[in-house]
Amino acid sequence: MEAYDRLAAARAKGRPTGLCYIRNIFTDFMEMHGDRRFGDDKAIVAGIARLCGMPVTVIANEKGGSTKEKVRRNFGSAHPEGYRKALRQMKLAEKFGRPVVCFVDTAGAFCGISAEERGEGQAIAENLTEMMALKTPVISVFIGEGGSGGALALAVADEVWMLENACYSVISPEGCASILWRDSSKVKEAAQCLKMTADDLLRLDVVERVIPEPADFSEVYETLKTELYHSLVLKKAEEIPALLQKRYDRFRKFGAT
Amino acid sequence: MMLTKNLFKKPGNPLEWYDGHNKNSMPDIPDQMCISCPQCKAILLTGDLNENARVCPKCGYHFRMNARQRIGLVTDGDSFRERDAKMRSSNLIGFPNYEKKLWHARLESGENEGVVCGTASIGGFPCALFAMEPYFMMGSMGTVVGEKIARLFEYAAANSLPVVGFTVSGGARMQEGILSLMQMAKTSAAVKRHGEAGNLYVAVLTDPTTGGVTASFAMEADVILAEPGALIGFAGPRVIEQTMRQKLPPNFQRAEFLLEKGFVDEIVPRRGQKEYLANLLSMHQRGNGHGSV
């Protein structure tokens with residue numbers, strides 16, 4: 001499949017969104033709202049749940065299903081308070097020794113006046129440094145679109161997994177085509193050049209694992225449930241300094257010569 | 001033809017005054033003697049402007065400035081020792097025309113990459129220092145920029161040195177795809193470790209600092225300073241205007257706006273930066289019995 005077809009699948013109407021994963025993989029989910037600084041960003045859902053009985057912190061981008069819901073969720077594009085809510089929950093996870101699971105599905109952080117005046121760049125930057133040093137295991141799973149810094153702010157993890165049709169890119173192919181070639185018809189070409197598919201990213205060592213998407217989507221949930229549980233149990237057994245060193249090295253290697 | 005074109009050219013091209021080795025390779029661009037200030041419209045002699053740290057003597061407008069000139073302005077004499085000077089980018093993901101762009105950027109800036117790193121002293125206080133290069137693909141962050149900055153922070157951490165960094169960047173370098181995005185995490189990791197060891201990091205945000213650089217090491221400093229009027233933001237103003245169809249308030253994303261909103265500590269004009277930084281470094285000397293040990 002061409003990169004652009006993958007992207008179309010990742011953005012397709014009816015594709016399961018963050019909350020679907022939370023409902024189908026975890027039990028006893030308790031949503032926790034708000035960043036304690038400004039408000040509650042509905043583009044990111046966060047809370048505590050059980051994964052095969054084990055308490056974990058779950059954070060997910062939520063794009064919304066219906067049009068009304070999409071608008072309420074701001075199409076999954078978070079404001080600074082969304083990233084600060086996520087970080088608050090991660091800090092609690094660290095305090096209580098819970099592993100963290102993030103589901104990423106966003107075209108990018110929200111770009112608008114409200115986001116800028118509340119410090120979108122600062123909020124993302126803070127998540128990057130704090131997640132890098134978070135003293136508990138983190139696994140991030142890309143389930144749809146992964147757009148730039150807004151996606152990375154939930155993906156500084158010990159392992160990053162991707163669904164077969166998920167994408168992850170430094171810029172949207174639309175943005176790339178219009179900036180580089182001033183030609184929005186070159187979107188397909190841009191998608192190809194950016195190397196944004198799960199296969200490409202596996203080859204580039206950006207992700208550890210690609211989760212296949214069979215026709216019966218419930219298998220995806222089952223796979224994730226089993227694999228997340230096994231991986232997190234193993235990571236929980238590791239010494240924290242060793243875990244953090246591996247996380248540092250995981251990101252340090254990109255472009256190191 | 002060339003002269004007519006230059007009349008309408010944006011001010012601040014380094015070739016207008018840069019005396020570096022690349023000058024002879026671009027013989028078709030004549031020296032421009034005058035430049036008009038975009039703020040007060042005064043006509044300034046290019047030579048005078050450079051004498052004045054590229055600040056308009058009439059209204060204080062800060063013109064863009066390249067990395068070497070910036071380093072020269074804040075460091076003591078010839079104290080600057082460059083590190084990783086020879087690192088160059090390659091076309092890691094096979095992006096079309098990237099080699100050509102790199103070649104052009106080297107020629108235009110006279111630098112190998114979009115950041116200059118090293119050690120120096122400021123007012124007698126040693127530090128590690130980086131200055132991003134606006135004339136190299138607008139200081140965009142690819143793997144080499146990320147690597148040089150990560151190495152600088154690691155070196156500074158190993159040697160208990162503070163880091164002073166001047167940012168100017170259009171953001172992540174899209175020609176390196178996802179690998180440029182990873183530099184945000186990589187540099188953040190190095191900044192975090194440097195800070196955890198009790199070292200000071202001061203960032204000076206200059207015009208423009210946007211995108212992936214704002215959303216990583218620019219906003220991670222212990223002390224964040226900005227130059228007057230500098231554009232600082234995550235999404236660029238044009239993107240916001242186009243995608244959101246929002247009319248932007250005056251001064252939006254300017255240094256003064258960020259100060260008002262609480263995202264920078266102080267606005268420090270270029271002329272006072274050396275003294276300001278020296279004073280800051282002096283108050284963060286390690287093991288002086290007053291600060292952290």
# chains A, B, ... in the order shown; residues from 1 in each chain; ligands from 1

$ closest_atom_pairs --of "stretch 143-247 of chain A" --to "stretch 214-223 of chain B" --cutoff "12 Å" --atoms "only C-alpha atoms" --output "CSV"
residue,atom,partner,partner_atom,distance
A:Ser148,CA,B:Ala215,CA,10.4
A:Gly149,CA,B:Ala215,CA,7.1
A:Gly150,CA,B:Ala215,CA,9.2
A:Ala151,CA,B:Ala215,CA,11.8
A:Leu152,CA,B:Ala215,CA,10.2
A:Ala153,CA,B:Ala215,CA,9.2

$ closest_atom_pairs --of "chain A" --to "chain B" --cutoff "6 Å" --atoms "only C-alpha atoms" --output "tab-separated table"
residue	atom	partner	partner_atom	distance
A:Cys111	CA	B:Ala235	CA	5.7
A:Gly112	CA	B:Ile240	CA	5.4
A:Gly121	CA	B:Ala215	CA	3.9
A:Gln122	CA	B:Met219	CA	5.3
A:Ile124	CA	B:Ala215	CA	5.5
A:Ala125	CA	B:Ser216	CA	4.3
A:Leu128	CA	B:Ala185	CA	5.9
A:Thr129	CA	B:Ser188	CA	5.3
A:Ser169	CA	B:Ile178	CA	5.4
A:Val170	CA	B:Ile178	CA	5.2
A:Cys193	CA	B:Phe95	CA	5.8
A:Leu194	CA	B:Gly177	CA	5.0
A:Phe251	CA	B:Lys186	CA	5.2
A:Arg252	CA	B:Lys186	CA	5.2
A:Gly255	CA	B:Thr143	CA	4.8

$ residues_around --residues "B:Ile224" --least-positions-apart "2" --cutoff "7 Å" --atoms "only C-alpha atoms" --output "list in words"
Val202, Ala203, Val204, Ala221, Asp222, Ala226, Val264 and Asp265 of chain B

$ residues_around --residues "stretch 38-51 of chain A" --least-positions-apart "5" --cutoff "6 Å" --atoms "only C-alpha atoms" --output "ChimeraX atom specification"
/A:26-33,56-62,73-74,76-78,81-82

$ residues_around --residues "A:Pro173" --least-positions-apart "2" --cutoff "10 Å" --atoms "only C-alpha atoms" --output "compact mmCIF listing (two decimals) with N, CA, C and O atoms, in the first residue's frame"
# COMPACT_ATOMS: atom_id res chain seq x y z
N TYR A 4 0.18 7.26 1.03
CA TYR A 4 -1.02 8.10 1.09
C TYR A 4 -2.27 7.28 1.41
O TYR A 4 -3.17 7.76 2.10
N LEU A 7 -2.35 6.74 5.05
CA LEU A 7 -2.80 7.96 5.73
C LEU A 7 -4.32 8.08 5.62
O LEU A 7 -4.99 8.43 6.60
N SER A 169 4.52 11.50 11.63
CA SER A 169 5.31 12.35 10.74
C SER A 169 5.64 13.69 11.37
O SER A 169 4.95 14.16 12.28
N VAL A 170 6.71 14.30 10.87
CA VAL A 170 7.16 15.59 11.40
C VAL A 170 6.23 16.72 10.96
O VAL A 170 6.11 17.74 11.61
N ILE A 171 5.55 16.51 9.84
CA ILE A 171 4.61 17.52 9.32
C ILE A 171 3.59 16.77 8.47
O ILE A 171 3.89 15.70 7.93
N GLY A 175 0.92 19.99 4.55
CA GLY A 175 1.79 21.09 4.95
C GLY A 175 3.12 21.05 4.22
O GLY A 175 3.60 22.07 3.73
N CYS A 176 3.67 19.85 4.12
CA CYS A 176 4.95 19.67 3.45
C CYS A 176 4.86 20.10 1.98
O CYS A 176 5.69 20.85 1.48
N ALA A 177 3.80 19.64 1.31
CA ALA A 177 3.64 19.96 -0.11
C ALA A 177 3.46 21.46 -0.33
O ALA A 177 4.03 22.03 -1.27
N SER A 178 2.71 22.08 0.56
CA SER A 178 2.46 23.50 0.33
C SER A 178 3.68 24.34 0.69
O SER A 178 3.95 25.36 0.06
N ILE A 179 4.44 23.94 1.70
CA ILE A 179 5.62 24.73 2.07
C ILE A 179 6.76 24.51 1.07
O ILE A 179 7.35 25.44 0.56
N SER A 184 -0.40 22.02 -3.53
CA SER A 184 -1.12 21.10 -2.66
C SER A 184 -1.50 19.80 -3.37
O SER A 184 -1.93 18.84 -2.75
N LYS A 186 0.58 17.87 -4.64
CA LYS A 186 1.68 16.93 -4.48
C LYS A 186 1.65 16.20 -3.14
O LYS A 186 2.69 15.74 -2.65
N VAL A 187 0.45 16.10 -2.55
CA VAL A 187 0.32 15.50 -1.23
C VAL A 187 0.78 14.04 -1.22
O VAL A 187 1.49 13.61 -0.31
N LYS A 188 0.41 13.30 -2.26
CA LYS A 188 0.78 11.87 -2.31
C LYS A 188 2.29 11.71 -2.33
O LYS A 188 2.86 10.86 -1.64
N GLU A 189 2.92 12.55 -3.13
CA GLU A 189 4.38 12.51 -3.25
C GLU A 189 5.02 12.85 -1.90
O GLU A 189 5.97 12.19 -1.46
N ALA A 190 4.47 13.87 -1.24
CA ALA A 190 5.00 14.28 0.06
C ALA A 190 4.86 13.16 1.08
O ALA A 190 5.78 12.87 1.84
N ALA A 191 3.70 12.50 1.07
CA ALA A 191 3.46 11.40 2.01
C ALA A 191 4.52 10.31 1.83
O ALA A 191 5.04 9.75 2.80
N GLN A 192 4.84 10.05 0.56
CA GLN A 192 5.85 9.03 0.25
C GLN A 192 7.24 9.47 0.75
O GLN A 192 7.95 8.70 1.38
N CYS A 193 7.58 10.72 0.49
CA CYS A 193 8.91 11.23 0.84
C CYS A 193 9.14 11.31 2.34
O CYS A 193 10.26 11.15 2.81
N LEU A 194 8.09 11.59 3.10
CA LEU A 194 8.25 11.83 4.53
C LEU A 194 8.52 10.57 5.33
O LEU A 194 8.92 10.64 6.48
N MET A 196 6.38 8.02 6.54
CA MET A 196 5.50 8.14 7.69
C MET A 196 4.70 6.88 8.02
O MET A 196 3.93 6.87 8.97

$ select_by_dssp --residues "stretch 87-237 of chain B" --states "helix (DSSP H, G or I)" --output "NGL selection string"
:B and (98-109 or 137-139 or 143-158 or 174-196 or 211-214 or 217-220 or 237)

$ atom_distance --atom1 "atom CA of B:Tyr276" --atom2 "atom CA of B:Asp76"
13.7 Å

$ select_by_dssp --residues "stretch 56-180 of chain B" --states "strand (DSSP E)" --output "ChimeraX atom specification"
/B:81-83,115-122,125-132,163-169

$ decode --residues "stretch 137-279 of chain B" --atoms "C-alpha atoms" --output "compact mmCIF listing (two decimals), in the first residue's frame"
# COMPACT_ATOMS: atom_id res chain seq x y z
CA MET B 137 17.84 26.83 6.14
CA MET B 138 16.48 29.25 8.75
CA GLY B 139 18.13 27.34 11.57
CA SER B 140 15.89 24.35 11.01
CA MET B 141 16.63 21.37 13.24
CA GLY B 142 17.77 18.22 11.50
CA THR B 143 19.82 15.37 12.95
CA VAL B 144 23.11 17.28 12.90
CA VAL B 145 21.68 20.33 14.66
CA GLY B 146 20.10 17.99 17.22
CA GLU B 147 23.31 16.01 17.61
CA LYS B 148 25.49 19.07 18.07
CA ILE B 149 23.17 20.51 20.70
CA ALA B 150 22.82 17.17 22.53
CA ARG B 151 26.62 16.78 22.53
CA LEU B 152 27.08 20.30 23.84
CA PHE B 153 24.73 19.67 26.78
CA GLU B 154 26.42 16.34 27.50
CA TYR B 155 29.84 17.98 27.40
CA ALA B 156 28.60 20.81 29.63
CA ALA B 157 27.11 18.31 32.09
CA ALA B 158 30.34 16.31 32.23
CA ASN B 159 32.32 19.49 32.88
CA SER B 160 29.81 21.25 35.15
CA LEU B 161 29.47 24.16 32.76
CA PRO B 162 26.44 26.36 32.29
CA VAL B 163 24.96 26.51 28.79
CA VAL B 164 24.04 29.75 27.05
CA GLY B 165 22.06 29.23 23.86
CA PHE B 166 20.79 31.60 21.18
CA THR B 167 17.84 30.19 19.28
CA VAL B 168 16.59 31.15 15.85
CA SER B 169 14.70 28.51 13.94
CA GLY B 170 11.82 27.79 11.66
CA GLY B 171 11.38 24.46 13.50
CA ALA B 172 12.08 20.86 12.59
CA ARG B 173 13.69 20.24 9.20
CA MET B 174 11.08 18.43 7.18
CA GLN B 175 13.60 17.09 4.66
CA GLU B 176 14.77 14.70 7.38
CA GLY B 177 11.24 13.55 8.14
CA ILE B 178 10.60 11.76 11.42
CA LEU B 179 14.31 11.78 12.30
CA SER B 180 14.16 15.55 12.71
CA LEU B 181 11.14 15.18 15.01
CA MET B 182 13.19 12.76 17.13
CA GLN B 183 15.73 15.54 17.70
CA MET B 184 13.17 17.31 19.86
CA ALA B 185 13.17 14.34 22.23
CA LYS B 186 16.93 13.86 21.96
CA THR B 187 17.84 17.46 22.78
CA SER B 188 15.24 17.54 25.57
CA ALA B 189 16.83 14.45 27.09
CA ALA B 190 20.26 16.07 27.11
CA VAL B 191 18.89 19.35 28.52
CA LYS B 192 17.15 17.44 31.29
CA ARG B 193 20.28 15.57 32.34
CA HIS B 194 22.37 18.72 32.28
CA GLY B 195 19.81 20.41 34.51
CA GLU B 196 19.40 17.47 36.88
CA ALA B 197 23.11 17.71 37.64
CA GLY B 198 22.52 21.24 38.94
CA ASN B 199 23.79 23.17 35.93
CA LEU B 200 22.35 26.43 34.63
CA TYR B 201 20.88 26.75 31.14
CA VAL B 202 20.03 30.20 29.75
CA ALA B 203 18.23 30.52 26.43
CA VAL B 204 18.05 33.74 24.46
CA LEU B 205 15.19 33.52 21.98
CA THR B 206 15.74 35.60 18.87
CA ASP B 207 13.67 36.34 15.79
CA PRO B 208 12.17 33.94 14.80
CA THR B 209 12.02 30.97 17.19
CA THR B 210 9.19 28.66 16.18
CA GLY B 211 7.97 25.08 15.79
CA GLY B 212 9.96 22.15 17.08
CA VAL B 213 12.69 24.32 18.59
CA THR B 214 10.18 26.33 20.64
CA ALA B 215 8.53 23.04 21.64
CA SER B 216 11.83 21.63 22.88
CA PHE B 217 15.08 23.20 24.07
CA ALA B 218 14.08 26.85 23.59
CA MET B 219 11.38 26.56 26.24
CA GLU B 220 13.31 24.25 28.56
CA ALA B 221 15.83 26.74 29.92
CA ASP B 222 16.08 27.77 33.57
CA VAL B 223 16.15 31.38 32.45
CA ILE B 224 14.45 32.32 29.19
CA LEU B 225 15.40 35.67 27.70
CA ALA B 226 14.21 37.20 24.44
CA GLU B 227 15.31 39.95 22.10
CA PRO B 228 12.89 42.87 21.61
CA GLY B 229 10.29 42.20 18.95
CA ALA B 230 11.37 38.59 18.35
CA LEU B 231 8.70 36.31 16.92
CA ILE B 232 8.35 33.32 19.27
CA GLY B 233 5.70 30.65 18.94
CA PHE B 234 4.82 27.05 18.18
CA ALA B 235 2.66 27.47 15.09
CA GLY B 236 3.74 30.27 12.77
CA PRO B 237 1.42 33.28 12.47
CA ARG B 238 0.76 32.60 8.79
CA VAL B 239 -0.32 29.05 9.54
CA ILE B 240 -2.71 30.27 12.22
CA GLU B 241 -4.15 32.94 9.97
CA GLN B 242 -4.62 30.53 7.08
CA THR B 243 -5.88 27.43 8.87
CA MET B 244 -7.94 29.07 11.58
CA ARG B 245 -8.96 32.18 9.63
CA GLN B 246 -8.36 34.13 12.80
CA LYS B 247 -7.26 37.75 12.73
CA LEU B 248 -4.18 37.98 14.90
CA PRO B 249 -3.97 40.59 17.65
CA PRO B 250 -1.20 43.19 17.37
CA ASN B 251 2.10 42.08 18.86
CA PHE B 252 0.86 38.46 18.79
CA GLN B 253 3.74 36.01 19.39
CA ARG B 254 6.23 38.84 19.82
CA ALA B 255 8.66 38.77 22.75
CA GLU B 256 6.62 41.43 24.54
CA PHE B 257 3.48 39.27 24.18
CA LEU B 258 5.25 36.26 25.66
CA LEU B 259 6.55 38.35 28.54
CA GLU B 260 3.00 39.51 29.22
CA LYS B 261 1.69 35.93 29.11
CA GLY B 262 4.45 34.68 31.40
CA PHE B 263 6.56 32.60 29.02
CA VAL B 264 9.82 34.56 29.06
CA ASP B 265 11.67 35.89 32.07
CA GLU B 266 13.00 39.10 30.57
CA ILE B 267 13.49 40.96 27.32
CA VAL B 268 17.12 41.92 26.96
CA PRO B 269 18.21 44.18 24.08
CA ARG B 270 21.25 42.99 22.19
CA ARG B 271 23.53 45.73 23.46
CA GLY B 272 23.01 44.73 27.08
CA GLN B 273 23.15 40.97 26.62
CA LYS B 274 26.79 40.38 27.43
CA GLU B 275 26.61 42.22 30.73
CA TYR B 276 23.29 40.59 31.60
CA LEU B 277 24.59 37.10 30.85
CA ALA B 278 27.85 37.70 32.73
CA ASN B 279 25.92 38.83 35.77
